Amino acid sequence: MKKWRRFLAAFLVGTLMIGIASLPAGAIGFSDIPSTYGDIDAVNYVSDNKFMVGTNDVRFGPTDSLTRAMVVAVLYRKAGSPSVTLTNEFTDVLPGSYYAEAVSWATQNGIASGNGNGKFLPDAKVTRQDGMCFLYRYANTTKTYSNKIATITGYSDYGNVSVYARDAIRWAVGNKIMDFSPSMLQPKSIMSRIELAKAITRFGSNVERIVAGYDNLGFINSSSNFTSTKYYMTSSHYSKLSNAYKSCNEVALAASLADRINNTGRPWGGSCYGMSTVAILDKLGKIAFNENYFTSKTMYGVTALGGTARESAINYYQDCQRYLKYGTSGTSVSSVMDICRNAEGPTLFSYWWDVIKDGKSVRHGHTVIVNSCTLSGGIYTLKVINPNATAEQTMTLNSARVLTTPTGKITLAELAAKVIFPEKEYKNVDIDGETNVDSGYSYAASQAKAKEEYSAEPFFSEPYSILEIKLAGNYTIWNSENQYLSWNESGLNGTMPILDSVMIANGEFAPAEMLLYVPTSENFTFESKSSEEVWFSVADSSHYSRISGSGLERAVLKADGVIELEGEQLDFGTAYLPIGAMDQNSSSLFTLKGSGTGKVRVEYGENEISAEGLTGEYTVRSIDTCEGSVKAEQVADASEARAEETVPIFELLR
């Protein structure tokens with residue numbers, strides 16, 4: 001492809017002037033397109049990609065009137081010229097003509113139709129509003145188009161737009177698909193070939209990226225650019241995500257989310273997935289991230305500032321991943337890469353690899369945006385936007401799972417790809433949050449739909465528990481049936497059935513996490529063979545409990561609220577929530593943080609906590625699961641709480 005991107009900004013944003021002196025002379029090869037032609041970039045793009053050809057070998061015909069045959073032929077080529085069943089529906093579509101297959105494809109996909117009298121009218125001229133209707137219908141078939149909608153009442157001739165074309169014109173204005181004067185739409189003027197070339201060039205392109213040169217935000221995925229003390233999320237974002245979990249009967253994840261956000265002991269762990277998702281959704285027009293959080297025209301103008309709404313939004317999308325399934329994960333390189341190659345728009349690409357450090361295996365995870373993926377000689381070449389960089393990068397991947405990045409080579413343990421379809425993949429979560437620009441998207445409707453679907457079709461036919469683990473260290477998890485799962489440098493293995501799983505990429509230098517859906521059990525025992533920090537939680541339909549910390553050798557998490565810990569030098573945190581409490585308007589997740597030696601037993605009752613074996617100071621906190629905020633906190637000296645003493649939680653927290 002010739003250097004069209006450098007010049008595309010000139011007509012996408014009129015105030016941006018970029019020279020064209022670097023374009024090779026005679027790049028186009030059309031006698032009517034000189035090197036000084038103002039829209040040479042658009043002609044380059046459509047001719048390079050063979051979407052449009054000249055009216056003959058040496059003439060492009062930029063000002064020639066556009067015909068219906070031309071439009072469907074161009075869109076058919078842009079769609080990849082898929083195989084199609086030829087029809088003889090129209091008497092004026094000649095078999096063997098350059099547009100015959102395109103007409104069949106367009107009519108079969110609802111992009112075009114005839115005049116109702118058996119004719120397609122291939123040579124009829126196309127108006128500007130009809131041209132936008134063709135593109136708008138095509139956009140709807142791709143499922144990855146931008147659906148940003150603009151008002152048109154500010155144009156003096158908006159009343160001239162036909163009723164059937166209003167949505168298409170609003171879409172074209174909102175996504176800068178076509179040039180419009182400040183005051184006129186000119187919907188019934190005849191559209192020219194160069195206008196189609198420019199519209200095709202702009203279709204699916206991120207105007208902001210072309211202007212700024214980036215899809216990234218104005219900062220990289222680094223702890224210095226995020227709040228360091230805890231995983232920051234505003235109560236508004238927290239409530240949306242937590243309530244969406246609850247509406248889908250995933251209250252265990254809602255409890256885990258509350259614990260994650262309010263546990264100040266867990267520092268920032270990487271937001272690569274959140275940053276990538278924000279960039280893609282902004283590109284697709286589903287959210288207006290920079291318009292809401294910065295005054296700049298570009299995503300690159302959004303700068304880092306810890307503990308703000310923009311950081312909350314990124315963390316919000318990061319946590320969406322805890323709920324979603326990738327669909328294609330851990331399978332062959334070709335099956336995952338085919339998703340990236342065949343996607344109409346940008347793709348989320350997550351990958352995980354193992355690093356052995358001090359004899360311990362840590363699985364790291366990272367997510368990037370794939371803008372394009374090509375295959376040649378068994379090597380996949382990916383053009384990616386990396387949250388850890390400030391410009392597009394090139395990566396290569398071979399069939400042996402060796403990923404070559406600008407910083408070196410990595411042998412991948414698992415890989416996954418996802419094309420974001422907001423109406424489908426994120427149907428259970430109000431992903432648009434406070435940045436919603438699509439007035440037709442209803443959070444309440446998404447909740448109702450999710451609740452209906454998951455009530456009618458549960459994930460599994462048998463009761464299940466969700467285990468949350470860090471893919472680091474060396475440990476084994478046992479259930480009450482004496483089945484086990486172990487994690488070590490060779491990966492995850494064992495005899496406990498895994499019904500489903502969700503991988504969580506936490507940044508290039510942070511251990512990945514996994515949510516494991518397993519058959520439910522009365523208790524789970526966690527045994528660690530190292531003294532490093534661990535994190536393990538279990539949840540089912542009746543409770544959520546969690547243990548974390550260092551010095552842990554053995555922990556038993558029981559459904560009745562009892563947590564037993566063993567270790568020589570324990571520095572730990574525990575949490576417990578009876579799931580039934582989530583149905584109330586206000587309910588609390590109680591956590592205890594402290595230290596101990598030997599054996600510690602914590603029992604969470606309905607309104608009290610009893611603890612044995614604590615040493616030094618300990619902290620008890622009450623987290624409001626509806627608001628996502630700390631209701632109360634109490635610090636006490638363990639010497640004042642004897643081994644058998646029961647501490648009333650309401651008295652302790654008042």
# chains A, B, ... in the order shown; residues from 1 in each chain; ligands from 1
>>> select_by_dssp(residues="region 24-148 of chain A", states="helix (DSSP H, G or I)", output="ChimeraX atom specification")
/A:40-48,68-78,100-108,128-142
>>> select_by_dssp(residues="region 383-415 of chain A", states="strand (DSSP E or B)", output="PyMOL selection string")
chain A and resi 383-385+392-397+402-405+408-415
>>> residues_around(residues="Arg128 (chain A)", least_positions_apart="3", cutoff="8 Å", atoms="only C-alpha atoms", output="list of chain:residue names")
A:Gly131, A:Met132, A:Gln186, A:Pro187, A:Lys188, A:Ser189, A:Ile190, A:Met191
>>> closest_residue(among="A:Glu250, A:Asp167, A:Glu392, A:Asp319", to="Ile466 (chain A)", atoms="only C-alpha atoms")
A:Glu250
>>> closest_residue(among="A:Val72, A:Tyr618, A:Ala197, A:Ala124", to="Ala100 (chain A)", atoms="only C-alpha atoms")
A:Val72
>>> residues_around(residues="Glu89 (chain A)", least_positions_apart="2", cutoff="8 Å", atoms="only C-alpha atoms", output="list of chain:residue names")
A:Thr87, A:Thr91, A:Gly118
>>> closest_residue(among="A:Gly616, A:Gly29, A:Pro346, A:Pro122", to="Val278 (chain A)", atoms="only C-alpha atoms")
A:Pro346
